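Okay, structure first, notes after.
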Amino acid sequence: MKRKLFLIIPAAVIGAVILFAILFILFLTIVEYRPKPVENVPFTSGKEMLIPGKAYSILSWNIGYAGLGKDEDFFMDGGTKVRPDSKAVVEKYFKGIRSTIGSHPSDILFTQEIDIKSKRTWNINQYEAIKSFTGKAGAFAYNYKCIYVPFPLPTIGKMGSGVATFTSFETSGAQRVSLPVPFKWPIRIANLKRCMIISRIPVYENGGDSGRELVLANFHLEAFDSGEGKIAQTKALKEFIDAEYAKGNYVIAGGDFNQRFPGSDSFGPVWTDGWLPGQLDKDMLDDGWQFVFDDSKPTCRANARPYNDADAAAHNWQYHVIDGFIISPNIEKLSINVIDEDFENSDHNPVFMNFILK
């Protein structure tokens, strides 16, 4: 009898664990975030009119959810940490992020990896905080929404993160446009569902609405896939911007491409055991379109270990240029530069562009 109990009890425990896992996966499947291909999202509108021939500015920054500052590493990038050690750490980085944004005022602000309801950032609504801080109108769309992400250990937990666009201009609409998802079930159910957030700004000429728009496409393309996701998402991006330009609109598409720009190489040594970006095709854009980037300084650092060691000071680090813009032929770039923050508060540096509508 004792021998039977010795066998039955462990088997019952194992069975209970397996049953719980099955039921939990079923639960996550039922509540999985399933956005439509195109969805209107809430937005607020500024009051400034957009006029051709006048110089304007745009800043784009992957803020790393104020959780990937210089003292952090990341488990998906060869490091060990899932989230910062405390809320105070997140608040410190976020204060620095707001300071940088305030020191480089722009007419348009793109942010990626901005959290609104996430365990990893102690439920700080970073979108509302930046909106309030800048005094700009805004729109937000989810890139990652899950009631509970059950990996790794310790688990990521509740996730609510995405992309947000802030502007001083009058805005007529905002949409979430889904991008292809490279992951299959069951990995898909608790993974990213990436998108573009599209903001539409009327263009005024001679005191009236010209009927054309400046279409802003803000995105954060796939990072940790085998490559097919980046390719499919980049193709969808191109199809979208071509269609908008064909309507007579102006188009600025930008953010974190997670791909190197044509003609741009990585800085520093290449870590064979770390994350590497994809490569954008130099021939993907039609005549007149431009990739706009600054490769004099890196926009992204590797996260295999914290950035506060001697290698950083000696520039013995892996860096990339993966943040920038695509502009349509009817837009002229005046200048582009990376704002070198030495990755103090994020694993990315912001990128600042001045432009005019022709």
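Chain labels A, B, ... are given in the sequence in which chains occur in the structure tokens; within each chain residues are numbered consecutively from 1, and ligands are likewise numbered from 1 in the order shown.
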Excluding A:His320 and any residue of its chain fewer than 3 positions from it, enumerate the residues within 12 Å of it, using only C-alpha atoms, and give them as an mmCIF file with C-alpha atoms, in the first residue's frame.
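Full text of out16.cif as output:
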```
data_model
loop_
_atom_site.group_PDB
_atom_site.id
_atom_site.type_symbol
_atom_site.label_atom_id
_atom_site.label_comp_id
_atom_site.auth_asym_id
_atom_site.auth_seq_id
_atom_site.Cartn_x
_atom_site.Cartn_y
_atom_site.Cartn_z
ATOM 1 C CA ASP A 256 12.843 51.683 -34.548
ATOM 2 C CA PHE A 257 13.401 49.624 -37.708
ATOM 3 C CA ASN A 258 15.454 46.939 -35.921
ATOM 4 C CA GLN A 259 17.365 46.889 -39.205
ATOM 5 C CA ARG A 260 20.485 48.690 -40.341
ATOM 6 C CA PHE A 261 20.040 51.356 -42.978
ATOM 7 C CA SER A 264 25.374 51.884 -42.461
ATOM 8 C CA ASP A 265 27.513 49.416 -40.522
ATOM 9 C CA SER A 266 27.543 48.496 -36.842
ATOM 10 C CA PHE A 267 29.925 50.307 -34.506
ATOM 11 C CA GLY A 268 32.464 48.478 -32.379
ATOM 12 C CA PRO A 269 32.997 44.724 -32.228
ATOM 13 C CA VAL A 270 30.314 42.268 -33.284
ATOM 14 C CA TRP A 271 29.335 39.981 -30.417
ATOM 15 C CA TRP A 275 21.471 40.147 -30.860
ATOM 16 C CA LEU A 276 22.079 41.423 -34.385
ATOM 17 C CA PRO A 277 19.721 43.619 -36.427
ATOM 18 C CA GLY A 278 18.437 42.898 -39.908
ATOM 19 C CA GLN A 279 19.403 44.841 -43.030
ATOM 20 C CA PHE A 293 19.407 58.656 -40.708
ATOM 21 C CA ASP A 294 22.577 59.826 -39.011
ATOM 22 C CA ASP A 295 25.316 57.201 -38.898
ATOM 23 C CA SER A 296 27.917 59.415 -37.270
ATOM 24 C CA LYS A 297 26.765 58.111 -33.867
ATOM 25 C CA PRO A 298 24.987 54.905 -32.823
ATOM 26 C CA THR A 299 21.281 54.873 -32.065
ATOM 27 C CA CYS A 300 21.207 51.539 -30.194
ATOM 28 C CA ARG A 301 23.489 49.583 -27.866
ATOM 29 C CA ALA A 302 23.674 45.855 -27.178
ATOM 30 C CA ASN A 303 21.964 44.785 -23.950
ATOM 31 C CA TRP A 317 30.828 47.724 -27.294
ATOM 32 C CA ASP A 323 16.457 54.359 -35.719
ATOM 33 C CA GLY A 324 15.474 56.942 -38.308
ATOM 34 C CA VAL A 338 21.447 61.548 -33.290
ATOM 35 C CA ASP A 347 19.233 51.495 -24.768
ATOM 36 C CA HIS A 348 18.491 53.829 -27.705
ATOM 37 C CA ASN A 349 19.540 57.379 -28.490
#
```
>> I want to know what sits within 6 Å of stretch 188-192 of chain A, based on only C-alpha atoms, with residues of the same chain fewer than 5 positions away left out; could you give that as a list in words?
In response: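 My reading of the contact set: Thr29, Glu32, Asn143, Tyr144, Cys146, Val149 and Phe183 of chain A.
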Leaving out stretch 200-212 of chain A and any residue of its chain fewer than 6 positions from it, which residues lie within 7 Å of it when counting only C-alpha atoms, given as a compact mmCIF listing (two decimals) with all heavy atoms, in the first residue's frame?
```txt
# COMPACT_ATOMS: atom_id res chain seq x y z
N MET A 49 -1.57 74.95 -37.24
CA MET A 49 -1.80 74.56 -38.63
C MET A 49 -0.48 74.21 -39.30
O MET A 49 0.53 74.88 -39.10
CB MET A 49 -2.50 75.68 -39.41
CG MET A 49 -3.94 75.92 -39.00
SD MET A 49 -4.85 76.97 -40.18
CE MET A 49 -3.83 78.45 -40.18
N LEU A 50 -0.49 73.17 -40.11
CA LEU A 50 0.69 72.71 -40.85
C LEU A 50 0.68 73.35 -42.23
O LEU A 50 -0.30 73.22 -42.98
CB LEU A 50 0.68 71.19 -40.95
CG LEU A 50 1.89 70.54 -41.61
CD1 LEU A 50 3.13 70.72 -40.73
CD2 LEU A 50 1.63 69.06 -41.84
N ILE A 51 1.78 74.03 -42.58
CA ILE A 51 1.84 74.82 -43.81
C ILE A 51 3.07 74.43 -44.62
O ILE A 51 4.18 74.38 -44.06
CB ILE A 51 1.88 76.32 -43.48
CG1 ILE A 51 0.67 76.73 -42.64
CG2 ILE A 51 1.96 77.17 -44.75
CD1 ILE A 51 0.76 78.12 -42.06
N PHE A 169 0.21 69.83 -33.82
CA PHE A 169 -0.62 70.15 -34.98
C PHE A 169 -2.06 69.67 -34.81
O PHE A 169 -2.33 68.70 -34.10
CB PHE A 169 -0.04 69.53 -36.24
CG PHE A 169 1.32 70.04 -36.62
CD1 PHE A 169 2.42 69.20 -36.63
CD2 PHE A 169 1.50 71.38 -36.95
CE1 PHE A 169 3.68 69.68 -36.97
CE2 PHE A 169 2.75 71.87 -37.30
CZ PHE A 169 3.84 71.02 -37.30
N GLU A 170 -2.92 70.33 -35.53
CA GLU A 170 -4.29 69.84 -35.67
C GLU A 170 -4.24 68.43 -36.27
O GLU A 170 -3.54 68.19 -37.25
CB GLU A 170 -5.09 70.78 -36.57
CG GLU A 170 -6.51 70.33 -36.84
CD GLU A 170 -7.21 71.20 -37.85
OE1 GLU A 170 -6.79 72.37 -38.02
OE2 GLU A 170 -8.16 70.71 -38.49
N THR A 171 -4.96 67.52 -35.67
CA THR A 171 -4.98 66.13 -36.11
C THR A 171 -6.41 65.73 -36.43
O THR A 171 -7.32 65.98 -35.64
CB THR A 171 -4.41 65.21 -35.02
OG1 THR A 171 -3.08 65.65 -34.67
CG2 THR A 171 -4.35 63.77 -35.49
N SER A 172 -6.60 65.09 -37.59
CA SER A 172 -7.95 64.73 -38.02
C SER A 172 -8.30 63.28 -37.73
O SER A 172 -9.48 62.91 -37.80
CB SER A 172 -8.12 65.01 -39.52
OG SER A 172 -7.19 64.26 -40.27
N GLY A 173 -7.32 62.45 -37.43
CA GLY A 173 -7.62 61.05 -37.15
C GLY A 173 -6.37 60.28 -36.77
O GLY A 173 -5.25 60.72 -37.03
N ALA A 174 -6.58 59.14 -36.13
CA ALA A 174 -5.47 58.26 -35.76
C ALA A 174 -5.95 56.82 -35.84
O ALA A 174 -7.07 56.51 -35.42
CB ALA A 174 -4.96 58.58 -34.36
N GLY A 248 -1.65 61.73 -52.93
CA GLY A 248 -1.21 63.12 -52.92
C GLY A 248 -0.76 63.60 -51.55
O GLY A 248 -0.48 64.79 -51.36
N ASN A 249 -0.66 62.69 -50.59
CA ASN A 249 -0.28 63.06 -49.23
C ASN A 249 1.23 63.12 -49.06
O ASN A 249 2.00 62.56 -49.85
CB ASN A 249 -0.86 62.05 -48.23
CG ASN A 249 -2.36 62.13 -48.14
OD1 ASN A 249 -2.95 63.21 -48.31
ND2 ASN A 249 -3.02 61.01 -47.88
```
Hey, what's within 10 Å of A:Gly64 if we count only C-alpha atoms and toss same-chain stuff fewer than 3 positions away? As a short mmCIF file (atom, residue, chain, number, x, y, z; two decimals) with C-alpha atoms, in the first residue's frame, please?
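As a result, out_11.cif now contains:
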```cif
data_model
loop_
_atom_site.label_atom_id
_atom_site.label_comp_id
_atom_site.auth_asym_id
_atom_site.auth_seq_id
_atom_site.Cartn_x
_atom_site.Cartn_y
_atom_site.Cartn_z
CA TRP A 61 12.99 57.72 -29.58
CA GLY A 67 13.62 50.13 -17.94
CA LEU A 68 16.70 49.75 -20.14
CA GLY A 69 19.00 52.51 -18.93
CA TYR A 93 15.16 56.69 -15.96
CA PHE A 94 11.78 58.17 -16.85
CA ILE A 97 13.80 60.68 -20.55
CA THR A 111 8.04 57.18 -29.00
CA GLN A 112 8.37 53.41 -29.05
CA GLU A 113 8.33 50.93 -26.13
CA ILE A 114 6.18 53.22 -24.04
CA ASP A 115 4.27 51.47 -21.25
CA ASN A 345 18.20 56.34 -19.65
CA SER A 346 17.45 54.02 -22.57
CA ASP A 347 19.23 51.50 -24.77
CA HIS A 348 18.49 53.83 -27.70
#
```
> Quick one: residues within 8 Å of A:Phe110, only C-alpha atoms counted, chain neighbours fewer than 4 positions away excluded, as a list in words?
Replying inline: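 Final neighbour list, sorted by chain and number: Ile58, Leu59, Ser60, Trp61, Val163, Ala164, Thr165, Phe166, Asn218, Gly254 and Gly255 of chain A.
Closest approach to A:Phe325 from the set A:Ala246, A:Ala129, A:Ala253, A:Met76 is made by A:Ala253, with distances taken over only C-alpha atoms.
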Run DSSP on the backbone of this structure and report the residues of stretch 12-255 of chain A it assigns to helix (DSSP H, G or I), as a PDB file with C-alpha atoms, in the first residue's frame.
```pdb
ATOM      1  CA  ALA A  12      -1.133  13.053  -9.168  1.00  0.00           C
ATOM      2  CA  VAL A  13       1.072  16.094  -8.591  1.00  0.00           C
ATOM      3  CA  ILE A  14       2.544  15.857 -12.087  1.00  0.00           C
ATOM      4  CA  GLY A  15      -0.925  15.405 -13.548  1.00  0.00           C
ATOM      5  CA  ALA A  16      -2.212  18.445 -11.673  1.00  0.00           C
ATOM      6  CA  VAL A  17       0.684  20.562 -12.961  1.00  0.00           C
ATOM      7  CA  ILE A  18       0.084  19.430 -16.532  1.00  0.00           C
ATOM      8  CA  LEU A  19      -3.654  20.090 -16.225  1.00  0.00           C
ATOM      9  CA  PHE A  20      -3.003  23.568 -14.823  1.00  0.00           C
ATOM     10  CA  ALA A  21      -0.610  24.337 -17.690  1.00  0.00           C
ATOM     11  CA  ILE A  22      -3.163  23.188 -20.270  1.00  0.00           C
ATOM     12  CA  LEU A  23      -5.952  25.203 -18.669  1.00  0.00           C
ATOM     13  CA  PHE A  24      -3.714  28.275 -18.390  1.00  0.00           C
ATOM     14  CA  ILE A  25      -2.741  28.092 -22.071  1.00  0.00           C
ATOM     15  CA  LEU A  26      -6.412  27.677 -22.931  1.00  0.00           C
ATOM     16  CA  PHE A  27      -7.259  30.737 -20.817  1.00  0.00           C
ATOM     17  CA  LEU A  28      -4.566  32.844 -22.510  1.00  0.00           C
ATOM     18  CA  THR A  29      -5.831  31.673 -25.900  1.00  0.00           C
ATOM     19  CA  ILE A  30      -9.373  32.763 -25.059  1.00  0.00           C
ATOM     20  CA  GLY A  64      12.941  51.321 -23.635  1.00  0.00           C
ATOM     21  CA  TYR A  65       9.940  51.658 -21.258  1.00  0.00           C
ATOM     22  CA  ALA A  66      12.280  53.532 -18.870  1.00  0.00           C
ATOM     23  CA  PHE A  75      17.338  38.516 -21.096  1.00  0.00           C
ATOM     24  CA  MET A  76      16.323  38.442 -24.786  1.00  0.00           C
ATOM     25  CA  ASP A  77      19.561  40.179 -25.752  1.00  0.00           C
ATOM     26  CA  LYS A  87       9.979  51.289  -9.198  1.00  0.00           C
ATOM     27  CA  ALA A  88      12.514  53.907  -8.121  1.00  0.00           C
ATOM     28  CA  VAL A  89      14.856  52.791 -10.911  1.00  0.00           C
ATOM     29  CA  VAL A  90      12.090  53.178 -13.516  1.00  0.00           C
ATOM     30  CA  GLU A  91      11.163  56.596 -12.135  1.00  0.00           C
ATOM     31  CA  LYS A  92      14.819  57.700 -12.301  1.00  0.00           C
ATOM     32  CA  TYR A  93      15.160  56.691 -15.964  1.00  0.00           C
ATOM     33  CA  PHE A  94      11.777  58.168 -16.847  1.00  0.00           C
ATOM     34  CA  LYS A  95      12.732  61.483 -15.263  1.00  0.00           C
ATOM     35  CA  GLY A  96      15.854  61.521 -17.445  1.00  0.00           C
ATOM     36  CA  ILE A  97      13.801  60.685 -20.548  1.00  0.00           C
ATOM     37  CA  ARG A  98      11.430  63.581 -19.898  1.00  0.00           C
ATOM     38  CA  SER A  99      14.400  65.882 -19.339  1.00  0.00           C
ATOM     39  CA  THR A 100      15.923  64.959 -22.705  1.00  0.00           C
ATOM     40  CA  ILE A 101      12.595  65.432 -24.497  1.00  0.00           C
ATOM     41  CA  GLY A 102      12.196  68.807 -22.797  1.00  0.00           C
ATOM     42  CA  SER A 103      15.713  69.857 -23.809  1.00  0.00           C
ATOM     43  CA  LYS A 119       4.133  44.929 -14.282  1.00  0.00           C
ATOM     44  CA  ARG A 120       7.687  45.651 -15.418  1.00  0.00           C
ATOM     45  CA  THR A 121       7.138  49.403 -14.958  1.00  0.00           C
ATOM     46  CA  GLN A 126       4.109  56.769 -19.412  1.00  0.00           C
ATOM     47  CA  TYR A 127       1.907  57.888 -22.314  1.00  0.00           C
ATOM     48  CA  GLU A 128      -0.242  60.176 -20.170  1.00  0.00           C
ATOM     49  CA  ALA A 129       2.843  61.435 -18.318  1.00  0.00           C
ATOM     50  CA  ILE A 130       4.640  62.485 -21.524  1.00  0.00           C
ATOM     51  CA  LYS A 131       1.451  63.927 -22.955  1.00  0.00           C
ATOM     52  CA  SER A 132       0.994  66.052 -19.846  1.00  0.00           C
ATOM     53  CA  PHE A 133       4.673  66.997 -19.648  1.00  0.00           C
ATOM     54  CA  THR A 134       4.933  68.172 -23.271  1.00  0.00           C
ATOM     55  CA  ILE A 187       3.977  31.351 -28.667  1.00  0.00           C
ATOM     56  CA  ARG A 188       1.770  33.968 -30.346  1.00  0.00           C
ATOM     57  CA  ILE A 189      -0.812  34.200 -27.558  1.00  0.00           C
ATOM     58  CA  ALA A 190       1.500  35.993 -25.108  1.00  0.00           C
ATOM     59  CA  GLU A 228      10.789  36.682 -41.849  1.00  0.00           C
ATOM     60  CA  GLY A 229       8.877  38.993 -39.516  1.00  0.00           C
ATOM     61  CA  LYS A 230      11.055  41.997 -40.279  1.00  0.00           C
ATOM     62  CA  ILE A 231      10.796  41.352 -44.015  1.00  0.00           C
ATOM     63  CA  ALA A 232       6.997  40.975 -43.962  1.00  0.00           C
ATOM     64  CA  GLN A 233       6.500  44.029 -41.763  1.00  0.00           C
ATOM     65  CA  THR A 234       8.822  46.160 -43.901  1.00  0.00           C
ATOM     66  CA  LYS A 235       6.881  45.097 -47.007  1.00  0.00           C
ATOM     67  CA  ALA A 236       3.590  46.070 -45.338  1.00  0.00           C
ATOM     68  CA  LEU A 237       5.104  49.423 -44.340  1.00  0.00           C
ATOM     69  CA  LYS A 238       6.180  50.130 -47.924  1.00  0.00           C
ATOM     70  CA  GLU A 239       2.765  49.207 -49.331  1.00  0.00           C
ATOM     71  CA  PHE A 240       1.111  51.581 -46.873  1.00  0.00           C
ATOM     72  CA  ILE A 241       3.360  54.581 -47.523  1.00  0.00           C
ATOM     73  CA  ASP A 242       3.181  54.104 -51.303  1.00  0.00           C
ATOM     74  CA  ALA A 243      -0.619  54.093 -51.139  1.00  0.00           C
ATOM     75  CA  GLU A 244      -0.703  57.278 -49.063  1.00  0.00           C
ATOM     76  CA  TYR A 245       1.699  59.098 -51.373  1.00  0.00           C
ATOM     77  CA  ALA A 246      -0.400  58.028 -54.374  1.00  0.00           C
TER      78      ALA A 246
END
```
